[in-house]
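Asker: Below: one structure in structure tokens.
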Amino acid sequence: MEKEEKKTTGTRTIVGVRFRSAGKVYYFDPGQLEIKRGAKVIVETSRGVEFGTVVGDPMVMENKKINQPLKQVIRLATPEDIEKEALNRIREREAFRLCQEKIRRHDLDMKLIDAEYTFDNSKILFYFTADGRVDFRDLVRDLAGVFRTRIELRQIGVRDETKIMGGYGICGRPLCCRAYLSDFVPVSIRMAKEQNLSLNPTKISGSCGRLMCCLKYEEDTYEELNRSLPKPGDEVRGNDGLTGEVESVNVLRQRVRILVEVDDEKEIHEYGVEDITVTRKRRRGQARTPKKEKEPKEQKELEKLEHEERKPRKGRNRD
């Protein structure tokens, strides 16, 4: 009992280690080693001995916040280790080529994405995508006969595929998932609505075909700004005494456009959010004006995006 309490009380020093660019960060115990940010280290994981890069200086964390047990850093990488890691990257390209040939020979409906050697060469992992389940047992036996080591084939999702392959987004910058995102966060169509974005699937989907990760970036800001704004269709009164229905809102500028009646004519007046008072909220589900129905095809695509977003994600892990 006392040993269990010690594990959950007190603090310890940890370091974050990343194994591939923009990959997930895993934490290890540095022990007595003097480790700094950017150092190359050799650590033991559930996949075997691995070569990684320290992403930050050692930090102190409470034991209760650490997933126990915490594995130790074996050593700082030597020049020989760094050379071996570079050689593994070269060998991976050859393994990828050979695996593609075997896939064609076995006529398997799968797309090979990446090949990865563990640092100690005890295993080769091949990542692939496929529409459904694939019986690759014969392929594994064939590959094991060629490489004389353990073979693992892992099916991944389209987001992980895009993260591995890389590319550029519609903003003209390298894809966030490839550049720095360590984990994928849930993204929903509600975020696009909150930011008054077009619900056209081609405009809010990323290179992977899923909802763009960047919809999440400003979600908190838009939620905070929207709290102070009325909704389109609400009835408001301006500081000049005119009353009308909210036509549209500018979230970032905190401005509201309302449709008012002046001398039997309808006009659009614009006010700052601080210059209006809401007199009546539009009932939930009540359409403020006759609206053209969304195209069935577009609606189905949005529903598909939402459904795919809720699916459990497959990918790499070293836990």
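Identifiers in the structure tokens: chain A, B, ... in order shown; residue index from 1 per chain; ligand index from 1 in order shown.
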Near A:Glu223, counting only C-alpha atoms, which residues have an atom at most 10 Å away, once you skip same-chain residues fewer than 5 positions from it, shown as an mmCIF file with N, CA and C atoms, in the first residue's frame?
Answerer:
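This is the output file selection.cif:
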```cif
data_model
loop_
_atom_site.group_PDB
_atom_site.id
_atom_site.type_symbol
_atom_site.label_atom_id
_atom_site.label_comp_id
_atom_site.auth_asym_id
_atom_site.auth_seq_id
_atom_site.Cartn_x
_atom_site.Cartn_y
_atom_site.Cartn_z
ATOM 1 N N MET A 191 -18.054 23.681 -35.797
ATOM 2 C CA MET A 191 -16.964 24.664 -35.745
ATOM 3 C C MET A 191 -17.001 25.574 -36.963
ATOM 4 N N GLU A 194 -19.855 27.967 -36.506
ATOM 5 C CA GLU A 194 -19.514 28.966 -35.493
ATOM 6 C C GLU A 194 -18.686 30.092 -36.096
ATOM 7 N N GLN A 195 -17.882 29.753 -37.120
ATOM 8 C CA GLN A 195 -16.995 30.733 -37.733
ATOM 9 C C GLN A 195 -17.583 31.329 -39.015
ATOM 10 N N GLU A 218 -9.285 28.306 -33.973
ATOM 11 C CA GLU A 218 -9.903 29.534 -33.474
ATOM 12 C C GLU A 218 -11.280 29.286 -32.855
ATOM 13 N N SER A 228 -21.491 37.279 -27.244
ATOM 14 C CA SER A 228 -21.973 38.658 -27.087
ATOM 15 C C SER A 228 -22.820 39.122 -28.268
ATOM 16 N N VAL A 251 -18.499 38.615 -36.837
ATOM 17 C CA VAL A 251 -18.009 38.121 -35.546
ATOM 18 C C VAL A 251 -16.734 38.839 -35.121
#
```
Asker: Let's see if you can do this: from backbone DSSP, list all strand (DSSP E or B) residues in stretch 59-286 of chain A, as a PyMOL selection string.
Answerer: chain A and resi 59-62+72-76+111-117+123-129+150-155+168+174+205+211+235-238+243-250+255-262+265-272+276-280
Asker: Would you list the contacts of A:Gly16 as a list of chain:residue names, taking every protein, DNA or RNA residue within 10 Å and counting only C-alpha atoms, but skipping same-chain residues closer than 4 positions in sequence?
Answerer: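 Those residues are A:Lys24, A:Val25, A:Tyr26, A:Tyr27, A:Phe28, A:Asp29, A:Pro30, A:Arg37, A:Gly52, A:Thr53, A:Val54, A:Val55, A:Gly56, A:Asp57, A:Pro58, A:Met59.
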Asker: For stretch 125-135 of chain A, work out the shell of residues within 6 Å, counting only C-alpha atoms and skipping chain neighbours fewer than 3 positions away, then give it as a PyMOL selection string.
Answerer: chain A and resi 110-116+152-156
